[in-house]
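Below is my_file.pdb, holding PDB, C-alpha atoms.
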```
ATOM      1  CA  MET A  93       0.000   0.000   0.000  1.00  0.00           C
ATOM      2  CA  THR A  94       1.292   3.462  -0.801  1.00  0.00           C
ATOM      3  CA  PRO A  95       1.529   5.880   2.125  1.00  0.00           C
ATOM      4  CA  GLN A  96      -2.011   7.122   2.507  1.00  0.00           C
ATOM      5  CA  ASN A  97      -0.982  10.678   3.358  1.00  0.00           C
ATOM      6  CA  ASP A  98       0.736  11.006  -0.009  1.00  0.00           C
ATOM      7  CA  VAL A  99      -2.156   9.811  -2.114  1.00  0.00           C
ATOM      8  CA  LEU A 100      -5.418   9.669  -0.217  1.00  0.00           C
ATOM      9  CA  LYS A 101      -6.464  13.059   0.969  1.00  0.00           C
ATOM     10  CA  GLY A 102      -9.275  15.582   1.074  1.00  0.00           C
ATOM     11  CA  ASN A 103     -12.641  14.657  -0.333  1.00  0.00           C
ATOM     12  CA  LEU A 104     -11.533  11.253  -1.519  1.00  0.00           C
ATOM     13  CA  GLU A 105     -10.269  10.201   1.895  1.00  0.00           C
ATOM     14  CA  ILE A 106     -13.532  11.317   3.500  1.00  0.00           C
ATOM     15  CA  ALA A 107     -15.620   9.675   0.777  1.00  0.00           C
ATOM     16  CA  VAL A 108     -13.866   6.308   0.921  1.00  0.00           C
ATOM     17  CA  LYS A 109     -14.058   6.213   4.723  1.00  0.00           C
ATOM     18  CA  ASN A 110     -17.782   7.004   4.549  1.00  0.00           C
ATOM     19  CA  LEU A 111     -18.267   4.316   1.934  1.00  0.00           C
ATOM     20  CA  ALA A 112     -16.320   1.765   3.995  1.00  0.00           C
ATOM     21  CA  ALA A 113     -18.455   2.550   7.054  1.00  0.00           C
ATOM     22  CA  SER A 114     -21.647   2.331   4.994  1.00  0.00           C
ATOM     23  CA  ILE A 115     -20.600  -1.078   3.635  1.00  0.00           C
ATOM     24  CA  GLN A 116     -19.660  -2.319   7.104  1.00  0.00           C
ATOM     25  CA  TYR A 117     -23.162  -1.597   8.353  1.00  0.00           C
ATOM     26  CA  THR A 118     -25.084  -3.074   5.439  1.00  0.00           C
ATOM     27  CA  GLU A 119     -27.089  -6.093   6.508  1.00  0.00           C
ATOM     28  CA  PRO A 120     -25.066  -8.788   4.662  1.00  0.00           C
ATOM     29  CA  VAL A 121     -21.637  -7.466   5.688  1.00  0.00           C
ATOM     30  CA  ASN A 122     -22.718  -6.837   9.270  1.00  0.00           C
ATOM     31  CA  ARG A 123     -24.134 -10.359   9.443  1.00  0.00           C
ATOM     32  CA  TYR A 124     -20.830 -11.701   8.098  1.00  0.00           C
ATOM     33  CA  LEU A 125     -18.781  -9.774  10.677  1.00  0.00           C
ATOM     34  CA  ASN A 126     -20.988 -11.095  13.496  1.00  0.00           C
ATOM     35  CA  ALA A 127     -20.707 -14.657  12.170  1.00  0.00           C
ATOM     36  CA  LYS A 128     -16.929 -14.281  11.884  1.00  0.00           C
ATOM     37  CA  GLU A 129     -16.699 -13.123  15.484  1.00  0.00           C
ATOM     38  CA  LYS A 130     -18.826 -16.043  16.694  1.00  0.00           C
ATOM     39  CA  PHE A 131     -16.726 -18.472  14.669  1.00  0.00           C
ATOM     40  CA  ASN A 132     -13.512 -17.009  16.112  1.00  0.00           C
ATOM     41  CA  GLN A 133     -14.838 -17.584  19.623  1.00  0.00           C
ATOM     42  CA  ASP A 134     -15.917 -21.180  18.941  1.00  0.00           C
ATOM     43  CA  GLN A 135     -12.977 -23.475  19.772  1.00  0.00           C
ATOM     44  CA  THR A 136     -14.816 -26.616  18.600  1.00  0.00           C
ATOM     45  CA  ALA A 137     -15.400 -25.061  15.185  1.00  0.00           C
ATOM     46  CA  HIS A 138     -11.731 -24.077  14.960  1.00  0.00           C
ATOM     47  CA  ASN A 139     -10.626 -27.595  15.845  1.00  0.00           C
ATOM     48  CA  ILE A 140     -12.863 -29.122  13.158  1.00  0.00           C
ATOM     49  CA  MET A 141     -11.529 -26.743  10.505  1.00  0.00           C
ATOM     50  CA  GLU A 142      -7.950 -27.386  11.589  1.00  0.00           C
ATOM     51  CA  GLU A 143      -8.454 -31.173  11.424  1.00  0.00           C
ATOM     52  CA  LEU A 144     -10.188 -30.870   8.050  1.00  0.00           C
ATOM     53  CA  SER A 145      -7.359 -28.782   6.674  1.00  0.00           C
ATOM     54  CA  ILE A 146      -4.750 -31.298   7.904  1.00  0.00           C
ATOM     55  CA  GLN A 147      -6.663 -34.209   6.370  1.00  0.00           C
ATOM     56  CA  GLN A 148      -7.058 -32.388   3.037  1.00  0.00           C
ATOM     57  CA  ARG A 149      -3.335 -31.687   2.946  1.00  0.00           C
ATOM     58  CA  TYR A 150      -2.574 -35.301   3.838  1.00  0.00           C
ATOM     59  CA  ILE A 151      -4.793 -36.576   1.013  1.00  0.00           C
ATOM     60  CA  ARG A 152      -3.240 -34.181  -1.499  1.00  0.00           C
ATOM     61  CA  GLN A 153       0.197 -35.514  -0.563  1.00  0.00           C
ATOM     62  CA  LYS A 154      -0.970 -39.120  -0.890  1.00  0.00           C
ATOM     63  CA  GLN A 155      -2.565 -38.331  -4.254  1.00  0.00           C
ATOM     64  CA  ALA A 156       0.911 -37.758  -5.662  1.00  0.00           C
ATOM     65  CA  ASP A 157       1.924 -41.399  -5.156  1.00  0.00           C
ATOM     66  CA  ASN A 158      -1.547 -42.818  -5.631  1.00  0.00           C
ATOM     67  CA  SER A 159      -1.705 -44.273  -2.125  1.00  0.00           C
ATOM     68  CA  ILE A 160      -5.005 -42.940  -0.787  1.00  0.00           C
ATOM     69  CA  THR A 161      -6.954 -45.544   1.183  1.00  0.00           C
ATOM     70  CA  THR A 162     -10.688 -45.905   1.824  1.00  0.00           C
ATOM     71  CA  ASP A 163     -10.033 -44.997   5.463  1.00  0.00           C
ATOM     72  CA  ASP A 164      -8.386 -41.722   4.398  1.00  0.00           C
ATOM     73  CA  LEU A 165     -11.423 -40.791   2.326  1.00  0.00           C
ATOM     74  CA  GLU A 166     -13.819 -41.917   5.049  1.00  0.00           C
ATOM     75  CA  LYS A 167     -12.066 -39.699   7.589  1.00  0.00           C
ATOM     76  CA  LEU A 168     -12.230 -36.771   5.156  1.00  0.00           C
ATOM     77  CA  ARG A 169     -15.949 -37.297   4.547  1.00  0.00           C
ATOM     78  CA  SER A 170     -16.608 -37.568   8.276  1.00  0.00           C
ATOM     79  CA  LEU A 171     -14.795 -34.269   8.928  1.00  0.00           C
ATOM     80  CA  GLN A 172     -16.686 -32.612   6.081  1.00  0.00           C
ATOM     81  CA  VAL A 173     -19.980 -33.733   7.621  1.00  0.00           C
ATOM     82  CA  LYS A 174     -18.857 -32.463  11.045  1.00  0.00           C
ATOM     83  CA  ALA A 175     -18.036 -29.083   9.496  1.00  0.00           C
ATOM     84  CA  GLN A 176     -21.377 -28.926   7.684  1.00  0.00           C
ATOM     85  CA  GLU A 177     -23.230 -29.734  10.886  1.00  0.00           C
ATOM     86  CA  ASN A 178     -21.397 -27.184  13.035  1.00  0.00           C
ATOM     87  CA  ARG A 179     -23.569 -24.113  13.407  1.00  0.00           C
ATOM     88  CA  SER A 180     -20.716 -21.576  13.683  1.00  0.00           C
ATOM     89  CA  ILE A 181     -18.975 -22.895  10.579  1.00  0.00           C
ATOM     90  CA  ASN A 182     -22.207 -23.153   8.650  1.00  0.00           C
ATOM     91  CA  THR A 183     -23.381 -19.666   9.529  1.00  0.00           C
ATOM     92  CA  TYR A 184     -19.936 -18.206   8.880  1.00  0.00           C
ATOM     93  CA  ALA A 185     -19.573 -19.870   5.467  1.00  0.00           C
ATOM     94  CA  TYR A 186     -23.069 -18.859   4.388  1.00  0.00           C
ATOM     95  CA  ALA A 187     -22.690 -15.271   5.638  1.00  0.00           C
ATOM     96  CA  GLN A 188     -19.342 -14.991   3.867  1.00  0.00           C
ATOM     97  CA  GLN A 189     -20.858 -16.013   0.540  1.00  0.00           C
ATOM     98  CA  GLU A 190     -23.712 -13.546   1.035  1.00  0.00           C
ATOM     99  CA  ALA A 191     -21.285 -10.731   1.894  1.00  0.00           C
ATOM    100  CA  ILE A 192     -19.100 -11.524  -1.121  1.00  0.00           C
ATOM    101  CA  GLY A 193     -22.153 -11.461  -3.398  1.00  0.00           C
ATOM    102  CA  TYR A 194     -23.150  -8.126  -1.930  1.00  0.00           C
ATOM    103  CA  LEU A 195     -19.659  -6.646  -2.360  1.00  0.00           C
ATOM    104  CA  ARG A 196     -19.807  -7.715  -6.014  1.00  0.00           C
ATOM    105  CA  GLU A 197     -23.077  -5.833  -6.437  1.00  0.00           C
ATOM    106  CA  ILE A 198     -21.486  -2.763  -4.856  1.00  0.00           C
ATOM    107  CA  ASN A 199     -18.474  -3.127  -7.145  1.00  0.00           C
ATOM    108  CA  SER A 200     -20.779  -3.324 -10.165  1.00  0.00           C
ATOM    109  CA  GLU A 201     -22.443  -0.097  -9.149  1.00  0.00           C
ATOM    110  CA  ILE A 202     -19.094   1.658  -8.597  1.00  0.00           C
ATOM    111  CA  SER A 203     -17.706   0.289 -11.878  1.00  0.00           C
ATOM    112  CA  ASN A 204     -20.785   1.305 -13.872  1.00  0.00           C
ATOM    113  CA  LEU A 205     -20.514   4.866 -12.599  1.00  0.00           C
ATOM    114  CA  LEU A 206     -16.753   4.925 -13.129  1.00  0.00           C
ATOM    115  CA  GLY A 207     -16.703   3.223 -16.535  1.00  0.00           C
ATOM    116  CA  ILE A 208     -13.856   0.912 -15.418  1.00  0.00           C
ATOM    117  CA  ASP A 209     -13.869  -2.166 -13.174  1.00  0.00           C
ATOM    118  CA  PHE A 210     -12.851  -0.729  -9.815  1.00  0.00           C
ATOM    119  CA  ALA A 211     -11.857  -4.101  -8.289  1.00  0.00           C
ATOM    120  CA  SER A 212      -9.517  -4.839 -11.198  1.00  0.00           C
ATOM    121  CA  LEU A 213      -7.828  -1.481 -10.724  1.00  0.00           C
ATOM    122  CA  ALA A 214      -7.544  -2.178  -6.997  1.00  0.00           C
ATOM    123  CA  LYS A 215      -6.069  -5.660  -7.283  1.00  0.00           C
ATOM    124  CA  ASN A 216      -2.508  -6.342  -6.240  1.00  0.00           C
ATOM    125  CA  THR A 217      -0.252  -6.371  -9.258  1.00  0.00           C
ATOM    126  CA  SER A 218       2.095  -9.000  -7.864  1.00  0.00           C
ATOM    127  CA  CYS A 219       1.421 -12.423  -6.368  1.00  0.00           C
TER     128      CYS A 219
ATOM    129  CA  MET B 919     -31.952   3.745   9.197  1.00  0.00           C
ATOM    130  CA  LEU B 920     -33.030   0.210   9.952  1.00  0.00           C
ATOM    131  CA  GLU B 921     -32.492  -1.192  13.395  1.00  0.00           C
ATOM    132  CA  ALA B 922     -31.073  -4.676  13.787  1.00  0.00           C
ATOM    133  CA  ASN B 923     -33.017  -6.608  16.413  1.00  0.00           C
ATOM    134  CA  ASP B 924     -30.137  -8.536  17.903  1.00  0.00           C
ATOM    135  CA  THR B 925     -27.388  -5.962  18.127  1.00  0.00           C
ATOM    136  CA  LYS B 926     -29.363  -2.680  18.284  1.00  0.00           C
ATOM    137  CA  ILE B 927     -27.118  -1.017  15.752  1.00  0.00           C
ATOM    138  CA  ASN B 928     -28.166   1.173  12.882  1.00  0.00           C
ATOM    139  CA  LEU B 929     -27.784  -0.568   9.563  1.00  0.00           C
ATOM    140  CA  THR B 930     -27.111   1.265   6.310  1.00  0.00           C
ATOM    141  CA  THR B 931     -30.163   1.707   4.114  1.00  0.00           C
ATOM    142  CA  ASP B 932     -29.949   1.137   0.346  1.00  0.00           C
ATOM    143  CA  GLN B 933     -30.390   4.842  -0.223  1.00  0.00           C
ATOM    144  CA  GLU B 934     -27.524   5.736   2.128  1.00  0.00           C
ATOM    145  CA  LEU B 935     -25.311   3.204   0.417  1.00  0.00           C
ATOM    146  CA  HIS B 936     -26.101   4.594  -3.058  1.00  0.00           C
ATOM    147  CA  VAL B 937     -25.261   8.106  -1.842  1.00  0.00           C
ATOM    148  CA  SER B 938     -21.936   6.878  -0.368  1.00  0.00           C
ATOM    149  CA  ILE B 939     -21.096   5.116  -3.633  1.00  0.00           C
ATOM    150  CA  LYS B 940     -21.885   8.211  -5.716  1.00  0.00           C
ATOM    151  CA  ASP B 941     -19.869  10.487  -3.407  1.00  0.00           C
ATOM    152  CA  PHE B 942     -16.937   8.089  -3.581  1.00  0.00           C
ATOM    153  CA  VAL B 943     -17.022   7.816  -7.382  1.00  0.00           C
ATOM    154  CA  ASN B 944     -17.288  11.602  -7.746  1.00  0.00           C
ATOM    155  CA  ALA B 945     -14.321  12.111  -5.410  1.00  0.00           C
ATOM    156  CA  LEU B 946     -12.291   9.468  -7.275  1.00  0.00           C
ATOM    157  CA  VAL B 947     -13.092  11.028 -10.668  1.00  0.00           C
ATOM    158  CA  ASP B 948     -12.073  14.449  -9.313  1.00  0.00           C
ATOM    159  CA  SER B 949      -8.713  13.157  -8.064  1.00  0.00           C
ATOM    160  CA  PRO B 950      -5.567  14.315  -9.929  1.00  0.00           C
ATOM    161  CA  GLN B 951      -4.665  10.661 -10.569  1.00  0.00           C
ATOM    162  CA  TYR B 952      -7.939   9.918 -12.355  1.00  0.00           C
ATOM    163  CA  GLN B 953      -7.849  13.204 -14.298  1.00  0.00           C
ATOM    164  CA  LEU B 954      -4.327  12.471 -15.525  1.00  0.00           C
ATOM    165  CA  PHE B 955      -5.305   8.894 -16.389  1.00  0.00           C
ATOM    166  CA  GLU B 956      -8.209  10.145 -18.543  1.00  0.00           C
ATOM    167  CA  LYS B 957      -6.019  12.764 -20.215  1.00  0.00           C
ATOM    168  CA  THR B 958      -3.202  10.330 -21.052  1.00  0.00           C
ATOM    169  CA  ARG B 959      -5.688   7.699 -22.214  1.00  0.00           C
ATOM    170  CA  THR B 960      -7.226  10.156 -24.690  1.00  0.00           C
ATOM    171  CA  ILE B 961      -3.774  11.136 -25.977  1.00  0.00           C
ATOM    172  CA  PHE B 962      -2.753   7.477 -26.320  1.00  0.00           C
ATOM    173  CA  GLN B 963      -5.967   6.580 -28.134  1.00  0.00           C
ATOM    174  CA  GLY B 964      -5.252   9.378 -30.618  1.00  0.00           C
ATOM    175  CA  ASP B 965      -1.672   8.232 -31.265  1.00  0.00           C
ATOM    176  CA  GLN B 966      -2.125   6.067 -34.356  1.00  0.00           C
ATOM    177  CA  GLU B 967       1.516   5.009 -34.483  1.00  0.00           C
ATOM    178  CA  ALA B 968       1.371   3.722 -30.897  1.00  0.00           C
ATOM    179  CA  ILE B 969      -1.940   1.964 -31.551  1.00  0.00           C
ATOM    180  CA  GLY B 970      -0.379   0.338 -34.616  1.00  0.00           C
ATOM    181  CA  ALA B 971       2.573  -0.860 -32.512  1.00  0.00           C
ATOM    182  CA  LEU B 972       0.160  -2.312 -29.940  1.00  0.00           C
ATOM    183  CA  ARG B 973      -1.804  -4.165 -32.632  1.00  0.00           C
ATOM    184  CA  GLU B 974       1.407  -5.564 -34.047  1.00  0.00           C
ATOM    185  CA  TYR B 975       2.450  -6.808 -30.609  1.00  0.00           C
ATOM    186  CA  GLN B 976      -0.997  -8.265 -29.892  1.00  0.00           C
ATOM    187  CA  ALA B 977      -1.094 -10.075 -33.239  1.00  0.00           C
ATOM    188  CA  LYS B 978       2.306 -11.645 -32.599  1.00  0.00           C
ATOM    189  CA  ALA B 979       1.352 -12.584 -29.016  1.00  0.00           C
ATOM    190  CA  LYS B 980      -1.826 -14.240 -30.306  1.00  0.00           C
ATOM    191  CA  ASP B 981       0.164 -16.166 -32.917  1.00  0.00           C
ATOM    192  CA  LEU B 982       2.469 -17.504 -30.221  1.00  0.00           C
ATOM    193  CA  GLN B 983      -0.230 -18.199 -27.611  1.00  0.00           C
ATOM    194  CA  THR B 984      -0.604 -21.904 -28.397  1.00  0.00           C
ATOM    195  CA  LYS B 985       3.147 -22.454 -28.641  1.00  0.00           C
ATOM    196  CA  GLN B 986       3.643 -20.701 -25.284  1.00  0.00           C
ATOM    197  CA  MET B 987       1.081 -23.004 -23.672  1.00  0.00           C
ATOM    198  CA  PHE B 988       3.222 -25.982 -24.654  1.00  0.00           C
ATOM    199  CA  ASN B 989       6.448 -24.150 -23.901  1.00  0.00           C
ATOM    200  CA  ILE B 990       7.784 -24.660 -27.423  1.00  0.00           C
ATOM    201  CA  THR B 991       8.358 -21.027 -28.365  1.00  0.00           C
ATOM    202  CA  THR B 992      11.808 -20.543 -29.904  1.00  0.00           C
ATOM    203  CA  ASP B 993      14.285 -17.989 -28.537  1.00  0.00           C
ATOM    204  CA  GLU B 994      13.978 -16.067 -31.774  1.00  0.00           C
ATOM    205  CA  GLU B 995      10.188 -15.844 -31.416  1.00  0.00           C
ATOM    206  CA  LYS B 996      10.515 -14.739 -27.789  1.00  0.00           C
ATOM    207  CA  LYS B 997      13.006 -12.056 -28.786  1.00  0.00           C
ATOM    208  CA  ASP B 998      10.731 -10.939 -31.594  1.00  0.00           C
ATOM    209  CA  LEU B 999       7.801 -10.572 -29.202  1.00  0.00           C
ATOM    210  CA  GLU B1000       9.965  -8.698 -26.711  1.00  0.00           C
ATOM    211  CA  ARG B1001      11.203  -6.385 -29.465  1.00  0.00           C
ATOM    212  CA  LEU B1002       7.602  -5.534 -30.425  1.00  0.00           C
ATOM    213  CA  TRP B1003       6.759  -4.825 -26.768  1.00  0.00           C
ATOM    214  CA  ILE B1004       9.806  -2.594 -26.308  1.00  0.00           C
ATOM    215  CA  HIS B1005       8.876  -0.727 -29.488  1.00  0.00           C
ATOM    216  CA  PHE B1006       5.310  -0.227 -28.180  1.00  0.00           C
ATOM    217  CA  VAL B1007       6.356   1.078 -24.756  1.00  0.00           C
ATOM    218  CA  SER B1008       8.923   3.427 -26.318  1.00  0.00           C
ATOM    219  CA  PHE B1009       6.163   5.835 -27.397  1.00  0.00           C
ATOM    220  CA  GLN B1010       5.837   8.810 -25.065  1.00  0.00           C
ATOM    221  CA  SER B1011       2.028   8.551 -25.127  1.00  0.00           C
ATOM    222  CA  VAL B1012       2.277   4.935 -23.947  1.00  0.00           C
ATOM    223  CA  LYS B1013       4.803   5.742 -21.222  1.00  0.00           C
ATOM    224  CA  ASP B1014       2.601   8.535 -19.908  1.00  0.00           C
ATOM    225  CA  TYR B1015      -0.536   6.402 -20.063  1.00  0.00           C
ATOM    226  CA  LEU B1016       1.062   3.430 -18.283  1.00  0.00           C
ATOM    227  CA  GLN B1017       2.501   5.693 -15.582  1.00  0.00           C
ATOM    228  CA  ALA B1018      -0.875   7.384 -15.044  1.00  0.00           C
ATOM    229  CA  GLN B1019      -2.563   3.986 -14.913  1.00  0.00           C
ATOM    230  CA  GLU B1020      -0.068   2.790 -12.308  1.00  0.00           C
ATOM    231  CA  ASN B1021      -0.710   5.877 -10.175  1.00  0.00           C
ATOM    232  CA  LEU B1022      -4.464   5.406 -10.426  1.00  0.00           C
ATOM    233  CA  GLN B1023      -4.094   1.733  -9.494  1.00  0.00           C
ATOM    234  CA  ALA B1024      -2.100   2.695  -6.394  1.00  0.00           C
ATOM    235  CA  LEU B1025      -4.840   5.119  -5.415  1.00  0.00           C
ATOM    236  CA  CYS B1026      -7.554   2.496  -5.968  1.00  0.00           C
ATOM    237  CA  ARG B1027      -5.591  -0.064  -3.946  1.00  0.00           C
ATOM    238  CA  ASP B1028      -5.436   2.385  -1.028  1.00  0.00           C
ATOM    239  CA  CYS B1029      -9.194   2.965  -1.268  1.00  0.00           C
ATOM    240  CA  ALA B1030      -9.925  -0.763  -1.466  1.00  0.00           C
ATOM    241  CA  LYS B1031      -7.649  -1.403   1.532  1.00  0.00           C
ATOM    242  CA  ILE B1032      -9.778   0.917   3.652  1.00  0.00           C
ATOM    243  CA  ILE B1033     -12.937  -0.892   2.540  1.00  0.00           C
ATOM    244  CA  SER B1034     -11.322  -4.314   3.103  1.00  0.00           C
ATOM    245  CA  ASP B1035     -10.137  -3.410   6.608  1.00  0.00           C
ATOM    246  CA  GLN B1036     -13.595  -2.262   7.572  1.00  0.00           C
ATOM    247  CA  CYS B1037     -15.615  -5.127   6.117  1.00  0.00           C
ATOM    248  CA  GLY B1038     -13.236  -7.994   6.980  1.00  0.00           C
ATOM    249  CA  LEU B1039     -12.965  -9.260   3.400  1.00  0.00           C
ATOM    250  CA  ASP B1040     -10.352  -8.519   0.759  1.00  0.00           C
ATOM    251  CA  TYR B1041     -12.339  -6.284  -1.573  1.00  0.00           C
ATOM    252  CA  ALA B1042     -10.513  -6.977  -4.846  1.00  0.00           C
ATOM    253  CA  THR B1043     -10.366 -10.734  -4.251  1.00  0.00           C
ATOM    254  CA  ALA B1044     -14.000 -10.919  -3.135  1.00  0.00           C
ATOM    255  CA  CYS B1045     -15.010  -9.072  -6.298  1.00  0.00           C
ATOM    256  CA  GLY B1046     -13.232 -11.619  -8.460  1.00  0.00           C
ATOM    257  CA  ALA B1047     -10.063  -9.753  -9.343  1.00  0.00           C
ATOM    258  CA  SER B1048      -7.062 -12.069  -9.052  1.00  0.00           C
ATOM    259  CA  CYS B1049      -3.523 -10.821  -8.592  1.00  0.00           C
ATOM    260  CA  CYS B1050      -2.452 -12.647 -11.743  1.00  0.00           C
ATOM    261  CA  GLY B1051      -5.450 -11.805 -13.875  1.00  0.00           C
TER     262      GLY B1051
END
```
Let's see the structure in the file written out as structure tokens.
Amino acid sequence: MTPQNDVLKGNLEIAVKNLAASIQYTEPVNRYLNAKEKFNQDQTAHNIMEELSIQQRYIRQKQADNSITTDDLEKLRSLQVKAQENRSINTYAYAQQEAIGYLREINSEISNLLGIDFASLAKNTSC
Amino acid sequence: MLEANDTKINLTTDQELHVSIKDFVNALVDSPQYQLFEKTRTIFQGDQEAIGALREYQAKAKDLQTKQMFNITTDEEKKDLERLWIHFVSFQSVKDYLQAQENLQALCRDCAKIISDQCGLDYATACGASCCG
């Protein structure tokens, strides 16, 4: 990020901060932030996601030498079901998708007014 | 303003959001970076020699696209493509346009960072813009 004082100033700084606050308090984004907070406080949900991530990584590694067993897949499926059944994870995942969809609508509106895709201009140019 | 039942906070109405979006776009369009971007874009689009050089580069790049996918482009072809790119970016109108575009991108990244920080999601990524796209 470039130093904000050098680039962002005056009306633009005020306008973008107002827009950011407006977006934060839209229903979908606010719901997402609440769900994220609840997920962060739910240790069980964190443990499930951690286990799921480890199992996915393990299976990817075993895919390379074609040595995945039925037990490996069964454990993965069981963790996926656990994740789907956990309320915090479920609510968080759903709210995130809703918030992303809403941000895309906002970006469309900005881009239509601007005549250029704002998100593409704002993307990082290096990986 | 709507009132959320569970948290008792004021949520943004659609109308308030539209006003914020319009104010933001107006402020962005009024910025020196955007103004310079528009000016250099118009100059570039009127520079027929530079446009011709771009078309030549694009045609060559398209020709080599399939070969590049299979990594069978020869050194000579790579050099040829590079030569066409160097020729294109040697035009002053192109240099000015690319520089203005870079400055506008930096400004937009700063704006998006503020939005991302506030809404807990990376704005550009959420909106489908990839870093390599």
Subject >> Residue hits in chain A, query chain B, radius 7 Å, only C-alpha atoms, as JSON, numbers by chain >> reply: {"A": [93, 94, 96, 99, 100, 103, 104, 107, 108, 109, 110, 111, 112, 113, 114, 115, 116, 117, 118, 119, 121, 125, 192, 195, 196, 199, 202, 205, 206, 211, 212, 213, 214, 215, 216, 217, 218, 219]}
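Going from CA of Asn178 (chain A) over to CA of Ala137 (chain A), you cover 6.7 Å.
Between Gln189 (chain A) and the candidates A:Ala127, A:Ile208, A:Val173, A:Leu168, the tightest atom-to-atom separation, counting only C-alpha atoms, involves A:Ala127.
Those DNA, RNA and protein residues that approach the point (4.6, 0.2, -31.6) to within 7 Å, considering all atoms listed in the file, are B:Glu967, B:Ala968, B:Ile969, B:Gly970, B:Ala971, B:Leu972, B:Leu1002, B:His1005, B:Phe1006.
Contact shell of Ser145 (chain A) at 12 Å (all atoms listed in the file; same-chain neighbours under 4 positions omitted): His138, Asn139, Ile140, Met141, Arg149, Tyr150, Ile151, Arg152, Lys167, Leu168, Leu171, Gln172 and Ala175 of chain A.
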**OP:** Take CA of Ser203 (chain A) and CA of Arg973 (chain B) and report the distance between them in Å, one decimal.
**Re:** 26.5 Å
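Between CA of Asn204 (chain A) and CA of Lys957 (chain B) there is a distance of 19.7 Å.
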